[in-house]
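Data from target19.cif: mmCIF, C-alpha atoms
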data_protein
#
loop_
_atom_site.label_atom_id
_atom_site.label_comp_id
_atom_site.auth_asym_id
_atom_site.auth_seq_id
_atom_site.Cartn_x
_atom_site.Cartn_y
_atom_site.Cartn_z
CA MET V 1 0.00 0.00 0.00
CA TRP V 2 1.26 3.43 -0.96
CA LYS V 3 -0.09 6.80 0.10
CA ARG V 4 0.93 10.21 -1.05
CA TYR V 5 -0.35 13.59 0.10
CA SER V 6 0.62 16.93 -1.44
CA SER V 7 3.40 17.10 1.14
CA GLY V 8 4.94 13.85 -0.08
CA TRP V 9 4.81 10.08 0.41
CA VAL V 10 3.50 8.92 3.78
CA LEU V 11 3.42 5.19 3.10
CA ARG V 12 5.83 3.52 0.71
CA GLY V 13 4.87 -0.03 -0.14
CA VAL V 14 3.53 -1.13 3.25
CA SER V 15 2.26 -4.70 3.24
CA LEU V 16 0.70 -6.45 6.21
CA ASP V 17 -1.33 -9.64 6.70
CA VAL V 18 -3.15 -9.27 10.01
CA ARG V 19 -4.42 -12.47 11.62
CA ASP V 20 -3.81 -11.63 15.27
CA VAL V 21 -3.20 -8.55 17.39
CA VAL V 22 -0.54 -6.34 15.84
CA VAL V 23 0.88 -3.18 17.36
CA ILE V 24 2.32 -0.55 15.05
CA TYR V 25 4.27 2.15 16.74
CA GLY V 26 5.95 5.23 15.41
CA ALA V 27 6.67 8.85 16.12
CA ASN V 28 4.06 11.58 15.68
CA GLY V 29 3.50 12.21 11.98
CA SER V 30 4.90 8.85 10.93
CA GLY V 31 1.67 7.93 9.13
CA LYS V 32 0.00 5.66 11.71
CA THR V 33 -3.39 7.39 11.53
CA THR V 34 -3.29 7.49 7.74
CA PHE V 35 -2.50 3.78 7.75
CA VAL V 36 -5.47 3.02 10.04
CA LYS V 37 -7.80 5.24 8.00
CA ILE V 38 -6.81 3.41 4.83
CA LEU V 39 -7.37 0.04 6.51
CA ALA V 40 -10.79 1.27 7.67
CA GLY V 41 -11.71 2.41 4.17
CA LEU V 42 -12.00 6.08 5.15
CA VAL V 43 -9.07 7.21 3.01
CA PRO V 44 -8.20 5.66 -0.35
CA PRO V 45 -4.61 4.49 -0.88
CA THR V 46 -2.72 6.08 -3.74
CA ARG V 47 -1.69 2.59 -4.84
CA GLY V 48 -2.47 -0.85 -3.51
CA GLU V 49 -5.53 -2.42 -1.97
CA VAL V 50 -6.97 -3.50 1.36
CA ARG V 51 -8.89 -6.72 1.86
CA ARG V 52 -11.13 -6.46 4.88
CA PRO V 53 -13.32 -9.01 6.65
CA GLY V 54 -17.00 -8.17 7.20
CA ARG V 55 -17.47 -5.56 9.91
CA VAL V 56 -14.47 -3.77 11.32
CA GLY V 57 -14.62 -1.91 14.64
CA VAL V 58 -12.75 1.38 14.26
CA ALA V 59 -11.76 3.98 16.85
CA LEU V 60 -9.65 6.91 15.71
CA GLN V 61 -8.03 9.54 17.90
CA GLN V 62 -10.86 11.91 16.97
CA PRO V 63 -14.00 10.34 18.45
CA MET V 64 -16.87 9.60 16.08
CA MET V 65 -19.62 10.16 18.63
CA HIS V 66 -21.56 13.37 18.07
CA PRO V 67 -20.79 16.04 20.70
CA ASP V 68 -24.37 17.38 20.75
CA LEU V 69 -25.86 14.00 21.71
CA THR V 70 -25.58 12.20 25.04
CA VAL V 71 -23.41 9.11 25.41
CA GLU V 72 -26.53 6.95 25.51
CA GLU V 73 -28.06 8.59 22.43
CA ASN V 74 -24.85 7.99 20.53
CA LEU V 75 -24.58 4.36 21.66
CA ARG V 76 -28.27 3.73 21.00
CA PHE V 77 -27.92 5.06 17.48
CA TYR V 78 -24.91 2.89 16.60
CA ALA V 79 -26.39 -0.15 18.34
CA GLY V 80 -29.67 0.35 16.46
CA ALA V 81 -27.88 0.80 13.13
CA LEU V 82 -25.85 -2.38 13.71
CA GLY V 83 -28.68 -4.39 15.26
CA ALA V 84 -26.69 -4.78 18.48
CA GLU V 85 -27.11 -4.19 22.22
CA TYR V 86 -24.99 -1.63 24.06
CA GLY V 87 -25.35 -2.83 27.66
CA GLU V 88 -22.21 -4.99 27.55
CA VAL V 89 -19.87 -2.25 26.31
CA VAL V 90 -21.29 0.20 28.85
CA GLU V 91 -20.39 -2.28 31.56
CA MET V 92 -16.99 -3.04 30.04
CA PHE V 93 -15.88 0.61 30.03
CA GLY V 94 -17.70 1.72 33.20
CA LEU V 95 -19.85 4.21 31.31
CA LYS V 96 -23.08 3.76 33.24
CA ARG V 97 -22.84 6.98 35.25
CA TYR V 98 -22.08 9.03 32.12
CA LEU V 99 -24.86 7.69 29.89
CA ARG V 100 -26.99 10.82 30.20
CA ALA V 101 -24.11 13.22 29.91
CA LYS V 102 -23.69 15.17 26.70
CA PHE V 103 -20.68 13.70 24.89
CA SER V 104 -19.02 17.12 24.62
CA HIS V 105 -19.24 17.55 28.41
CA LEU V 106 -17.06 14.51 29.13
CA SER V 107 -13.34 14.75 29.81
CA TYR V 108 -11.02 13.66 27.00
CA GLY V 109 -10.34 10.29 28.65
CA TRP V 110 -14.03 9.47 29.05
CA ARG V 111 -14.76 10.57 25.50
CA ARG V 112 -12.10 8.10 24.32
CA ARG V 113 -13.59 5.35 26.46
CA ALA V 114 -17.10 6.00 25.17
CA ASP V 115 -15.86 6.04 21.59
CA LEU V 116 -13.99 2.77 22.10
CA ALA V 117 -17.24 1.30 23.42
CA ARG V 118 -18.92 2.43 20.19
CA ALA V 119 -16.23 0.74 18.11
CA LEU V 120 -16.87 -2.56 19.84
CA LEU V 121 -20.62 -2.62 19.18
CA GLY V 122 -21.94 -5.45 17.04
CA GLN V 123 -20.06 -8.46 15.86
CA ALA V 124 -16.82 -6.86 14.66
CA GLU V 125 -14.57 -9.32 12.87
CA ALA V 126 -11.51 -7.11 13.21
CA LEU V 127 -10.45 -4.08 15.23
CA LEU V 128 -8.58 -0.96 14.20
CA LEU V 129 -7.62 1.22 17.16
CA ASP V 130 -5.60 4.37 16.68
CA GLU V 131 -3.65 5.07 19.86
CA PRO V 132 -6.50 3.77 22.03
CA MET V 133 -4.69 4.44 25.32
CA LEU V 134 -3.85 8.06 24.60
CA GLY V 135 -5.30 10.26 27.35
CA LEU V 136 -6.60 7.37 29.45
CA ASP V 137 -5.92 6.84 33.14
CA SER V 138 -4.56 3.50 34.38
CA GLU V 139 -8.05 2.04 34.78
CA GLY V 140 -8.94 3.02 31.23
CA ARG V 141 -5.70 1.57 29.88
CA ARG V 142 -6.37 -1.70 31.69
CA ALA V 143 -9.89 -1.80 30.19
CA VAL V 144 -8.50 -1.30 26.68
CA ALA V 145 -5.83 -3.98 27.18
CA GLU V 146 -8.46 -6.38 28.48
CA VAL V 147 -10.77 -5.68 25.54
CA VAL V 148 -8.05 -6.28 22.97
CA ARG V 149 -6.87 -9.45 24.73
CA ARG V 150 -10.42 -10.80 24.96
CA PHE V 151 -11.26 -9.88 21.37
CA GLY V 152 -9.02 -12.64 20.08
CA GLY V 153 -9.42 -11.74 16.40
CA PRO V 154 -7.31 -9.70 14.01
CA ALA V 155 -6.61 -6.24 15.40
CA VAL V 156 -4.31 -3.39 14.47
CA VAL V 157 -3.40 -1.08 17.34
CA THR V 158 -1.21 1.97 16.83
CA ALA V 159 0.96 3.52 19.51
CA SER V 160 3.32 6.44 19.82
CA SER V 161 4.99 4.87 22.81
CA THR V 162 5.23 1.14 23.42
CA CYS V 163 5.15 1.00 27.24
CA ASP V 164 1.39 1.07 27.71
CA TYR V 165 0.78 -1.52 25.05
CA VAL V 166 2.95 -4.37 26.30
CA GLU V 167 0.11 -5.74 28.41
CA ILE V 168 -2.25 -6.26 25.46
CA GLY V 169 -0.19 -9.30 24.48
CA ALA V 170 0.31 -8.51 20.79
CA ALA V 171 1.46 -11.30 18.49
CA ALA V 172 3.66 -8.96 16.49
CA TRP V 173 5.16 -5.49 16.74
CA PHE V 174 6.15 -3.19 13.91
CA GLU V 175 7.69 0.22 13.71
CA LEU V 176 6.42 2.63 11.06
CA ARG V 177 9.27 4.87 10.00
CA ASP V 178 9.95 6.71 6.72
CA GLY V 179 6.77 5.21 5.27
CA ALA V 180 7.87 1.60 5.78
CA LEU V 181 6.97 -1.06 8.34
CA ARG V 182 9.80 -2.88 10.07
CA PRO V 183 9.39 -5.75 12.54
CA ALA V 184 10.44 -4.53 15.95
CA ALA V 185 10.44 -5.58 19.55
CA PRO V 186 8.51 -3.60 22.17
CA THR V 187 10.65 -1.35 24.26
CA CYS V 188 9.44 0.53 27.28
CA GLY V 189 10.09 4.16 26.42
CA PRO V 190 9.38 6.73 23.73
CA THR V 191 10.28 5.69 20.19
CA MET T 1 -33.74 3.54 8.81
CA ARG T 2 -35.37 4.58 12.09
CA PRO T 3 -32.15 5.07 14.13
CA TYR T 4 -30.74 7.28 11.37
CA VAL T 5 -33.80 9.54 11.22
CA GLU T 6 -34.04 9.72 15.03
CA ARG T 7 -30.40 10.77 15.26
CA GLU T 8 -30.80 13.52 12.66
CA LEU T 9 -33.98 14.86 14.23
CA LYS T 10 -32.33 14.97 17.65
CA LEU T 11 -29.43 16.92 16.15
CA LEU T 12 -31.89 19.27 14.47
CA ALA T 13 -33.67 19.84 17.79
CA ARG T 14 -30.32 20.56 19.49
CA SER T 15 -29.38 23.16 16.85
CA ARG T 16 -31.55 25.79 18.48
CA GLU T 17 -29.52 28.75 17.28
CA ALA T 18 -29.62 27.66 13.65
CA LEU T 19 -33.32 26.86 13.93
CA ALA T 20 -34.06 30.26 15.49
CA SER T 21 -32.00 32.00 12.78
CA ALA T 22 -33.86 30.20 9.99
CA LEU T 23 -37.25 31.06 11.47
CA LEU T 24 -36.33 34.71 12.08
CA ILE T 25 -35.05 35.06 8.52
CA ALA T 26 -38.25 33.39 7.28
CA SER T 27 -40.33 35.92 9.22
CA ALA T 28 -38.33 38.84 7.84
CA LEU T 29 -38.64 37.51 4.30
CA GLY T 30 -42.38 37.18 4.88
CA PHE T 31 -42.64 40.96 5.29
CA ILE T 32 -40.27 41.70 2.40
CA PHE T 33 -41.88 39.31 -0.09
CA ALA T 34 -45.49 39.54 1.10
CA GLU T 35 -46.63 40.66 -2.36
CA HIS T 36 -44.49 38.10 -4.16
CA TYR T 37 -45.20 34.91 -2.22
CA ALA T 38 -43.59 32.42 -4.64
CA ALA T 39 -40.33 34.34 -5.03
CA GLY T 40 -40.00 34.71 -1.26
CA LEU T 41 -40.71 31.01 -0.80
CA ALA T 42 -37.65 30.22 -2.92
CA ALA T 43 -35.52 32.59 -0.82
CA VAL T 44 -36.74 31.11 2.47
CA ASN T 45 -36.02 27.56 1.36
CA LEU T 46 -32.61 28.49 0.02
CA VAL T 47 -31.63 29.99 3.39
CA ALA T 48 -33.08 27.15 5.49
CA ALA T 49 -31.75 24.29 3.35
CA ALA T 50 -28.26 25.80 3.01
CA LEU T 51 -28.08 26.55 6.74
CA TYR T 52 -29.08 23.05 7.72
CA GLY T 53 -26.94 21.54 4.99
CA TYR T 54 -24.06 23.06 6.93
CA VAL T 55 -25.29 21.97 10.36
CA GLN T 56 -26.25 18.43 9.37
CA VAL T 57 -23.48 17.54 6.93
CA LEU T 58 -20.53 19.93 6.72
CA ARG T 59 -20.21 20.42 10.47
CA GLU T 60 -20.31 16.64 10.91
CA GLU T 61 -17.39 16.35 8.52
CA GLU T 62 -15.48 18.99 10.50
CA LEU T 63 -16.18 17.16 13.76
CA GLY T 64 -15.13 13.79 12.31
CA THR T 65 -18.51 12.26 13.14
CA LEU T 66 -19.34 11.69 9.47
CA ASP T 67 -16.60 9.03 9.49
CA GLY T 68 -18.64 7.05 12.02
CA LEU T 69 -21.61 7.13 9.65
CA ARG T 70 -19.41 6.14 6.71
CA LEU T 71 -18.17 3.11 8.61
CA LEU T 72 -21.73 1.82 8.92
CA ARG T 73 -21.68 1.32 5.13
CA GLN T 74 -25.31 2.41 4.73
CA PRO T 75 -24.91 5.55 2.61
CA GLU T 76 -28.49 5.50 1.30
CA LYS T 77 -29.83 5.60 4.85
CA VAL T 78 -27.46 8.42 5.81
CA ALA T 79 -28.48 10.49 2.77
CA ALA T 80 -32.19 9.75 3.22
CA ALA T 81 -32.14 10.65 6.94
CA LYS T 82 -30.30 13.90 6.24
CA PHE T 83 -32.81 14.71 3.50
CA VAL T 84 -35.74 14.09 5.88
CA THR T 85 -34.25 16.49 8.43
CA LEU T 86 -33.44 19.21 5.94
CA PHE T 87 -36.93 18.83 4.50
CA SER T 88 -38.44 19.24 8.00
CA ALA T 89 -36.38 22.38 8.65
CA ALA T 90 -37.23 23.89 5.24
CA LEU T 91 -40.91 23.02 5.75
CA ALA T 92 -40.99 24.70 9.18
CA ALA T 93 -39.34 27.85 7.78
CA SER T 94 -41.78 27.87 4.83
CA LEU T 95 -44.78 27.63 7.13
CA VAL T 96 -43.55 30.52 9.28
CA TYR T 97 -42.95 32.54 6.11
CA SER T 98 -46.44 31.68 4.80
CA ALA T 99 -48.05 32.72 8.09
CA VAL T 100 -46.27 36.09 8.00
CA CYS T 101 -47.26 36.62 4.35
CA TYR T 102 -50.86 35.88 5.26
CA ALA T 103 -50.76 38.25 8.23
CA ALA T 104 -49.25 41.01 6.09
CA THR T 105 -51.58 40.74 3.10
CA LEU T 106 -54.63 38.89 4.49
CA ARG T 107 -54.53 36.83 1.30
CA PRO T 108 -54.30 33.04 1.72
CA PRO T 109 -50.86 31.88 0.49
CA GLU T 110 -50.52 29.16 -2.13
CA LEU T 111 -49.62 26.51 0.41
CA TRP T 112 -49.58 23.73 -2.20
CA LEU T 113 -46.25 25.16 -3.40
CA VAL T 114 -44.59 24.50 -0.03
CA PRO T 115 -44.08 20.68 0.00
CA PRO T 116 -42.49 20.35 -3.48
CA THR T 117 -40.34 23.45 -2.94
CA SER T 118 -39.04 22.36 0.46
CA ALA T 119 -38.45 18.84 -0.84
CA TYR T 120 -36.51 20.07 -3.86
CA PHE T 121 -34.35 22.51 -1.90
CA ALA T 122 -33.69 19.89 0.79
CA ALA T 123 -32.61 17.29 -1.80
CA ALA T 124 -30.42 19.82 -3.62
CA SER T 125 -28.82 21.04 -0.41
CA THR T 126 -28.19 17.53 0.95
CA ALA T 127 -26.63 16.46 -2.34
CA SER T 128 -24.47 19.61 -2.50
CA ALA T 129 -23.21 19.21 1.05
CA LEU T 130 -22.40 15.52 0.59
CA LEU T 131 -20.73 16.17 -2.78
CA SER T 132 -18.71 18.93 -1.14
CA THR T 133 -17.47 16.57 1.60
CA ALA T 134 -16.66 13.89 -0.99
CA ALA T 135 -14.64 16.46 -2.92
CA ARG T 136 -12.91 17.54 0.33
CA SER T 137 -14.12 21.11 -0.16
CA GLY T 138 -16.09 23.31 2.17
CA VAL T 139 -19.12 25.44 2.67
CA THR T 140 -18.45 27.74 -0.31
CA VAL T 141 -18.55 24.87 -2.80
CA SER T 142 -21.64 23.45 -1.12
CA THR T 143 -23.63 26.70 -1.21
CA THR T 144 -22.51 27.47 -4.77
CA LEU T 145 -23.69 24.03 -5.88
CA THR T 146 -27.00 24.45 -4.07
CA ALA T 147 -27.55 27.85 -5.67
CA ALA T 148 -26.79 26.42 -9.12
CA LEU T 149 -29.07 23.41 -8.63
CA VAL T 150 -32.07 25.45 -7.46
CA LEU T 151 -31.82 28.23 -10.03
CA GLY T 152 -34.09 26.69 -12.68
CA TYR T 153 -36.71 25.60 -10.17
CA SER T 154 -36.67 29.01 -8.46
CA LEU T 155 -37.16 30.87 -11.74
CA SER T 156 -40.14 28.65 -12.62
CA LEU T 157 -41.57 29.10 -9.12
CA ALA T 158 -41.21 32.88 -9.15
CA ALA T 159 -42.69 33.12 -12.66
CA GLY T 160 -45.68 30.97 -11.68
CA ARG T 161 -44.73 28.27 -14.22
CA MET T 162 -45.17 25.18 -12.07
CA ASP T 163 -45.64 22.73 -14.92
CA PRO T 164 -45.47 18.91 -14.49
CA ALA T 165 -41.76 18.86 -15.36
CA THR T 166 -40.96 21.38 -12.60
CA LEU T 167 -43.18 19.54 -10.11
CA ALA T 168 -41.33 16.30 -10.90
CA MET T 169 -37.99 17.88 -9.98
CA PRO T 170 -38.15 17.15 -6.22
CA LEU T 171 -38.69 13.43 -6.79
CA THR T 172 -36.01 13.34 -9.49
CA ALA T 173 -33.54 15.13 -7.21
CA LEU T 174 -34.28 12.78 -4.31
CA LEU T 175 -33.83 9.70 -6.50
CA ALA T 176 -30.57 11.12 -7.85
CA LEU T 177 -29.37 11.80 -4.28
CA LEU T 178 -30.10 8.23 -3.20
CA ALA T 179 -28.54 6.79 -6.35
CA LEU T 180 -25.41 8.86 -5.89
CA SER T 181 -25.16 8.36 -2.13
CA ARG T 182 -22.91 5.28 -2.41
CA SER T 183 -20.33 7.41 -4.22
CA ILE T 184 -20.66 10.62 -2.24
CA VAL T 185 -21.03 9.40 1.33
CA GLN T 186 -18.13 6.90 1.18
#
Write-out of the structure in structure tokens:
Amino acid sequence: MWKRYSSGWVLRGVSLDVRDVVVIYGANGSGKTTFVKILAGLVPPTRGEVRRPGRVGVALQQPMMHPDLTVEENLRFYAGALGAEYGEVVEMFGLKRYLRAKFSHLSYGWRRRADLARALLGQAEALLLDEPMLGLDSEGRRAVAEVVRRFGGPAVVTASSTCDYVEIGAAAWFELRDGALRPAAPTCGPT
Amino acid sequence: MRPYVERELKLLARSREALASALLIASALGFIFAEHYAAGLAAVNLVAAALYGYVQVLREEELGTLDGLRLLRQPEKVAAAKFVTLFSAALAASLVYSAVCYAATLRPPELWLVPPTSAYFAAASTASALLSTAARSGVTVSTTLTAALVLGYSLSLAAGRMDPATLAMPLTALLALLALSRSIVQ
């Protein structure tokens, strides 16, 4: 997969077969979000193709829940559109006390949690999570790690630092640098 | 389809400032165009549909929430729900405008013109806003497209030439919007 913006090439011939949990880490601006958006089908690659399974659960750094609706209204909409229930994800992320809060009134960490809950609605066959632990407290990070571990299917998780992500038990780690993916081992510290 | 329409109507209800603006403009246009009901009706619908085209579509793109709708892979439902909401907003503005025209002239307005006009402007505005997001452009492109799409209909409306071809335009525009939605919402 190749991707070029007006500023230049962001991805240069990246190829990845995801069958398990994969963590891709890289510095800010290395192209992680672009990579996830292409995998999700939100941005077309300049060259190459993506083969996706049925439904993919996607959570980007910018939440997709509408700020003018409450957490429950957002979850009810997505659950209704997907023919799913939202009780389980509410429990999983401890969202019960925030259900009636307007999404825009939540702190950044709780907005991320609520949006991750949205991504997990329905029977997702794969997960794409763009820096899911960014801005979360330790409880939130544990919840994310638990969710990814329990998911058990193919998942791509991006990270700007590897420390927080060691506990999700990824099958493979890659570093995205200069538009290319290189197998790498997790190290606890900034990349 | 129901969750999509419910979501859009809730967002419309929460956009109190935009709703108040559209209704105030409709009232003002009622006084200005009292003697030229049909021409004013076009102006009212242009304002209301363009305003809500921004609130319901372009703002969602800015917020990143349109991506969530794209991921549901139901573009026809997204486009149809947005059309329903824009139609409701345009209809409400048209009714306020008609009431003011009636109060100003004491002549009953030609209310039969309202549903096709609001439907056409809502379809044109929804399509313009979605095309604008697909083309990664902004509000200027969207409003320019809307203005271009409604020009012919508006001229017929203002001239009192509501022939069958003009009256078929709302349905044609809606069908075109739904047919194109797979390309312009993705």
Answer key for the PyMOL selection byres ((chain V) within 9 of (chain T)), residues as a CSV table (one decimal) with C-alpha atoms, in the frame of the given file:
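Output saved as result_34.csv:
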chain,number,residue,atom,x,y,z
V,40,ALA,CA,-10.8,1.3,7.7
V,41,GLY,CA,-11.7,2.4,4.2
V,42,LEU,CA,-12.0,6.1,5.2
V,55,ARG,CA,-17.5,-5.6,9.9
V,56,VAL,CA,-14.5,-3.8,11.3
V,57,GLY,CA,-14.6,-1.9,14.6
V,58,VAL,CA,-12.8,1.4,14.3
V,59,ALA,CA,-11.8,4.0,16.8
V,62,GLN,CA,-10.9,11.9,17.0
V,63,PRO,CA,-14.0,10.3,18.4
V,64,MET,CA,-16.9,9.6,16.1
V,65,MET,CA,-19.6,10.2,18.6
V,66,HIS,CA,-21.6,13.4,18.1
V,67,PRO,CA,-20.8,16.0,20.7
V,68,ASP,CA,-24.4,17.4,20.8
V,69,LEU,CA,-25.9,14.0,21.7
V,73,GLU,CA,-28.1,8.6,22.4
V,74,ASN,CA,-24.8,8.0,20.5
V,76,ARG,CA,-28.3,3.7,21.0
V,77,PHE,CA,-27.9,5.1,17.5
V,78,TYR,CA,-24.9,2.9,16.6
V,79,ALA,CA,-26.4,-0.2,18.3
V,80,GLY,CA,-29.7,0.4,16.5
V,81,ALA,CA,-27.9,0.8,13.1
V,82,LEU,CA,-25.8,-2.4,13.7
message: With all atoms listed in the file as the counted atoms, please give the residues lying no more than 6 Å from range 105-120 of chain T, apart from itself and same-chain residues fewer than 2 positions off, as a PyMOL selection string.
response: chain T and resi 87+90-91+102-103+122-123+170
query: Hey, can you check how far CA of Glu139 in chain V sits from CA of Leu95 in chain V?
result: 12.5 Å
Atomic separation - CA of Ser138 in chain V relative to CA of Tyr108 in chain V, Å: 14.1 Å
- request: Any chance you could resolve the PyMOL selection byres ((chain V and resi 184) around 8) against this file and give the residues as a PyMOL selection string?
  value: chain V and resi 173-175+182-183+185-186
task: Determine the residue membership of the PyMOL selection byres ((chain T and resi 94) around 12) for the file above and supply it as an MDAnalysis selection string.
output: chainID T and resid 22:30 37:49 87:93 95:101 109:119 121
message: Need the shell around range 44-51 of chain V: protein/DNA/RNA residues with any atom at most 10 Å away, counting only C-alpha atoms. Skip same-chain ones fewer than 6 positions apart. Format as a PyMOL selection string?
response: chain V and resi 1-5+9+11-17+34-35+37-38
task: Measuring atom to atom with only C-alpha atoms, identify which of T:Glu8, T:Arg59, T:Lys82, T:Leu130 is nearest to Val185 in chain T.
output: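 The shortest atom-to-atom distance to Val185 in chain T comes from T:Leu130.
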- prompt: Could you state the separation of CA of Ser161 in chain V and CA of Pro132 in chain V in Å, given to one decimal place?
  reply: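 One can read the CA of Ser161 in chain V to CA of Pro132 in chain V distance as 11.6 Å.
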field: Distance query Phe93 in chain V at most 7 Å, all atoms listed in the file, self and fewer than 2 positions along chain excluded, as a list in words
entry: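 Contacts, in chain order: Val89, Val90, Glu91, Leu95, Arg113, Ala117 and Ala143 of chain V.
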Output the selection as a PDB file, keeping the file's coordinate frame - C-alpha atoms for each residue.
ATOM      1  CA  VAL V  89     -19.870  -2.250  26.310  1.00  0.00           C
ATOM      2  CA  VAL V  90     -21.290   0.200  28.850  1.00  0.00           C
ATOM      3  CA  GLU V  91     -20.390  -2.280  31.560  1.00  0.00           C
ATOM      4  CA  LEU V  95     -19.850   4.210  31.310  1.00  0.00           C
ATOM      5  CA  ARG V 113     -13.590   5.350  26.460  1.00  0.00           C
ATOM      6  CA  ALA V 117     -17.240   1.300  23.420  1.00  0.00           C
ATOM      7  CA  ALA V 143      -9.890  -1.800  30.190  1.00  0.00           C
TER       8      ALA V 143
END
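Counting all atoms listed in the file, the residue from V:Gly31, V:Gly87, V:Trp110, V:Arg52 that sits nearest to Arg141 in chain V is V:Trp110.
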message: Report as an NGL selection string all protein, DNA and RNA residues lying within 8 Å of Tyr153 in chain T, evaluated on all atoms listed in the file, omitting residues in the same chain fewer than 3 positions from it.
response: :T and (150 or 156-157 or 166 or 169)
